[in-house]
Amino acid sequence: MKTSQHPSVHKGQQTPSALRLHYHPISTSSRPVMMFAAELGLLIDYRLVDLFADEQHGPAFTAINPNQAVPVLEHGDFRLTESSAILKYLADLVGSNAYAVDPQERARVNEAMDWFNTGLSRELAHGFAYPQLFPNHGRGDATAQAAVLAWAKPRAERLLSILDETMLGPVGRFVLGDRITLADYLGLGIVTVGEAAGMDYSPWPHLGRWLNTMKARPAYAQTHAVFMNMFGQTQAVDAVTLAEA
Ligand SMILES: N[C@@H](CCC(=O)N[C@@H](CS)C(=O)NCC(=O)O)C(=O)O
């Protein structure tokens, strides 16, 4: 991917066109970036990529991201994919304390973000939620679909127990204690899509508390209106409903 020098950006000082985000409002990977950017007060030129119309596979968007996936951030001629990398880039641009500069504190944020993105996401989002919610992730016949869910669900539950007991616990408000970090935004995207697919979080009280805390932040409603409208807070939506949306 091309790299270039970028002008420094200070909160509220960049022009609307300086930062552009290719996104979809339902997307597990786009929503954390949208929410974090909203909380930072960043002015972003949002470009919808219609995943339900397969726009991500068209030549125009493929030229922007050969991975054919959102989100993609553009900052001048600097282009960046991967939600985790985008969150870190935005945080560094504005000097947000959601991404600590101390090497060990930062390493903890990275550790939690990798845990969400490579661990919980695999089992809860890709294994449990997407095959149920998105027709193009369905596994065809009912036996294959049931096998995928039977594999992923207990693994997701084991990781959710770790999130509840070890990472969140009874004291901290956020994943890494009292201060919100990038891990909370990234994790929220994954946990909420699990909820949309019908994962019952009632066995995990600390997880429920954290989820409520995150959802109570004004930027959640601001950036999740389409997601909430489609899925409600807890309601599962079947593939047919979504395909017709
Ligand atoms: N690891 C990537 C995942 C990106 C990704 O898979 N995005 C999904 C939406 S959440 C997408 O655009 N999918 C397009 C498709 O499935 O065709 C990230 O974190 O940004």
# chains A, B, ... in the order shown; residues from 1 in each chain; ligands from 1

call {"tool": "residues_around", "arguments": {"residues": "Ser121 in chain A", "least_positions_apart": "4", "cutoff": "12 Å", "atoms": "only C-alpha atoms", "output": "list in words"}}
result
Thr28, Ser29, Met113, Asp114, Trp115, Phe116, Asn117, Ala125, His126, Gly127, Phe128, Ala129, Tyr130, Ala152, Lys153, Arg155, Ala156, Glu157, Leu159, Leu160, Leu186, Gly187, Leu188, Gly189, Ile190, Val191, Thr192, Val193 and Gly194 of chain A

call {"tool": "residues_near_ligand", "arguments": {"ligand": "ligand 1", "cutoff": "8 Å", "atoms": "only C-alpha atoms and all ligand atoms", "output": "ChimeraX atom specification"}}
result
/A:23-24,26-30,51,54,56-57,68-72,81-84,117,136-137

call {"tool": "write_last_selection", "arguments": {"atoms": "C-alpha atoms", "output": "compact mmCIF listing (two decimals), in the first residue's frame"}}
result
# COMPACT_ATOMS: atom_id res chain seq x y z
CA TYR A 23 -17.98 2.45 5.25
CA HIS A 24 -21.26 0.69 5.73
CA ILE A 26 -24.11 -2.16 9.56
CA SER A 27 -20.50 -3.23 9.25
CA THR A 28 -18.87 -4.68 12.37
CA SER A 29 -15.57 -3.12 11.34
CA SER A 30 -16.94 0.27 10.26
CA LEU A 51 -22.52 -4.05 0.73
CA ASP A 54 -22.36 -5.90 -3.80
CA GLN A 56 -17.55 -3.78 -2.63
CA HIS A 57 -16.90 -6.25 -5.46
CA GLN A 68 -13.19 -5.60 -1.23
CA ALA A 69 -14.07 -4.71 2.32
CA VAL A 70 -14.88 -1.68 4.44
CA PRO A 71 -13.73 0.37 6.24
CA VAL A 72 -11.13 2.25 4.25
CA THR A 81 -7.50 -0.42 5.47
CA GLU A 82 -8.17 -2.55 8.58
CA SER A 83 -10.36 -1.11 11.31
CA SER A 84 -7.78 -1.69 14.02
CA ASN A 117 -10.04 -8.97 16.18
CA ASN A 136 -23.56 -14.65 1.69
CA HIS A 137 -22.08 -16.13 4.88

call {"tool": "atom_distance", "arguments": {"atom1": "CA of Gly169 in chain A", "atom2": "CA of Trp210 in chain A"}}
result
9.8 Å

call {"tool": "closest_residue", "arguments": {"among": "A:Val109, A:Ala98, A:Met230, A:Ala219", "to": "Arg179 in chain A", "atoms": "only C-alpha atoms"}}
result
A:Ala98

call {"tool": "select_by_dssp", "arguments": {"residues": "range 29-181 of chain A", "states": "alpha helix (DSSP H)", "output": "VMD selection string"}}
result
chain A and resid 30 to 40 59 to 64 83 to 94 103 to 114 130 to 133 142 to 162

call {"tool": "closest_residue", "arguments": {"among": "A:Val148, A:Leu48, A:Ala91, A:Leu207", "to": "Met167 in chain A", "atoms": "only C-alpha atoms"}}
result
A:Leu207

call {"tool": "residues_around", "arguments": {"residues": "Ala18 in chain A", "least_positions_apart": "5", "cutoff": "9 Å", "atoms": "only C-alpha atoms", "output": "ChimeraX atom specification"}}
result
/A:9,43-45,74-76

call {"tool": "write_last_selection", "arguments": {"atoms": "N, CA and C atoms", "output": "PDB file, in the first residue's frame"}}
result
ATOM      1  N   VAL A   9      -3.180  16.621  11.941  1.00  0.00           N
ATOM      2  CA  VAL A   9      -4.582  16.999  12.081  1.00  0.00           C
ATOM      3  C   VAL A   9      -4.855  17.245  13.544  1.00  0.00           C
ATOM      4  N   LEU A  43     -14.283  15.676  11.615  1.00  0.00           N
ATOM      5  CA  LEU A  43     -15.145  15.874  10.449  1.00  0.00           C
ATOM      6  C   LEU A  43     -14.693  14.891   9.390  1.00  0.00           C
ATOM      7  N   ILE A  44     -15.616  14.037   8.988  1.00  0.00           N
ATOM      8  CA  ILE A  44     -15.251  12.987   8.040  1.00  0.00           C
ATOM      9  C   ILE A  44     -16.199  13.008   6.857  1.00  0.00           C
ATOM     10  N   ASP A  45     -15.630  12.850   5.713  1.00  0.00           N
ATOM     11  CA  ASP A  45     -16.415  12.716   4.482  1.00  0.00           C
ATOM     12  C   ASP A  45     -16.770  11.233   4.356  1.00  0.00           C
ATOM     13  N   GLU A  74      -9.247   7.365   3.943  1.00  0.00           N
ATOM     14  CA  GLU A  74      -8.327   8.131   3.085  1.00  0.00           C
ATOM     15  C   GLU A  74      -8.051   9.463   3.773  1.00  0.00           C
ATOM     16  N   HIS A  75      -6.795   9.785   3.825  1.00  0.00           N
ATOM     17  CA  HIS A  75      -6.371  11.057   4.400  1.00  0.00           C
ATOM     18  C   HIS A  75      -5.431  11.686   3.388  1.00  0.00           C
ATOM     19  N   GLY A  76      -5.975  12.579   2.583  1.00  0.00           N
ATOM     20  CA  GLY A  76      -5.212  13.034   1.420  1.00  0.00           C
ATOM     21  C   GLY A  76      -4.961  11.826   0.528  1.00  0.00           C
TER      22      GLY A  76
END

call {"tool": "residues_around", "arguments": {"residues": "Gln222 in chain A", "least_positions_apart": "3", "cutoff": "9 Å", "atoms": "only C-alpha atoms", "output": "number ranges by chain"}}
result
A: 35, 38, 218-219, 225

call {"tool": "write_last_selection", "arguments": {"atoms": "N, CA and C atoms", "output": "compact mmCIF listing (two decimals), in the first residue's frame"}}
result
# COMPACT_ATOMS: atom_id res chain seq x y z
N MET A 35 -17.87 5.44 15.43
CA MET A 35 -18.16 5.89 16.80
C MET A 35 -16.97 6.65 17.39
N ALA A 38 -16.68 10.01 15.80
CA ALA A 38 -17.73 10.91 16.29
C ALA A 38 -17.34 11.46 17.67
N PRO A 218 -23.31 8.97 23.94
CA PRO A 218 -24.11 9.60 22.88
C PRO A 218 -23.68 9.19 21.48
N ALA A 219 -22.41 8.97 21.28
CA ALA A 219 -21.94 8.63 19.93
C ALA A 219 -22.43 7.26 19.49
N ALA A 225 -27.59 4.24 14.39
CA ALA A 225 -29.03 4.33 14.12
C ALA A 225 -29.47 3.26 13.11

call {"tool": "atom_distance", "arguments": {"atom1": "CA of Glu55 in chain A", "atom2": "CA of Glu123 in chain A"}}
result
26.3 Å

call {"tool": "atom_distance", "arguments": {"atom1": "CA of Ala196 in chain A", "atom2": "CA of Gly232 in chain A"}}
result
7.4 Å

call {"tool": "closest_residue", "arguments": {"among": "A:Pro32, A:Gly198, A:Gly138, A:Pro205", "to": "Thr181 in chain A", "atoms": "only C-alpha atoms"}}
result
A:Pro32

call {"tool": "closest_residue", "arguments": {"among": "A:Gln132, A:Pro25, A:Leu40, A:Phe227", "to": "Met199 in chain A", "atoms": "only C-alpha atoms"}}
result
A:Gln132

call {"tool": "closest_residue", "arguments": {"among": "A:Asp141, A:Asp102, A:Asp200, A:Glu195", "to": "Phe231 in chain A", "atoms": "only C-alpha atoms"}}
result
A:Glu195
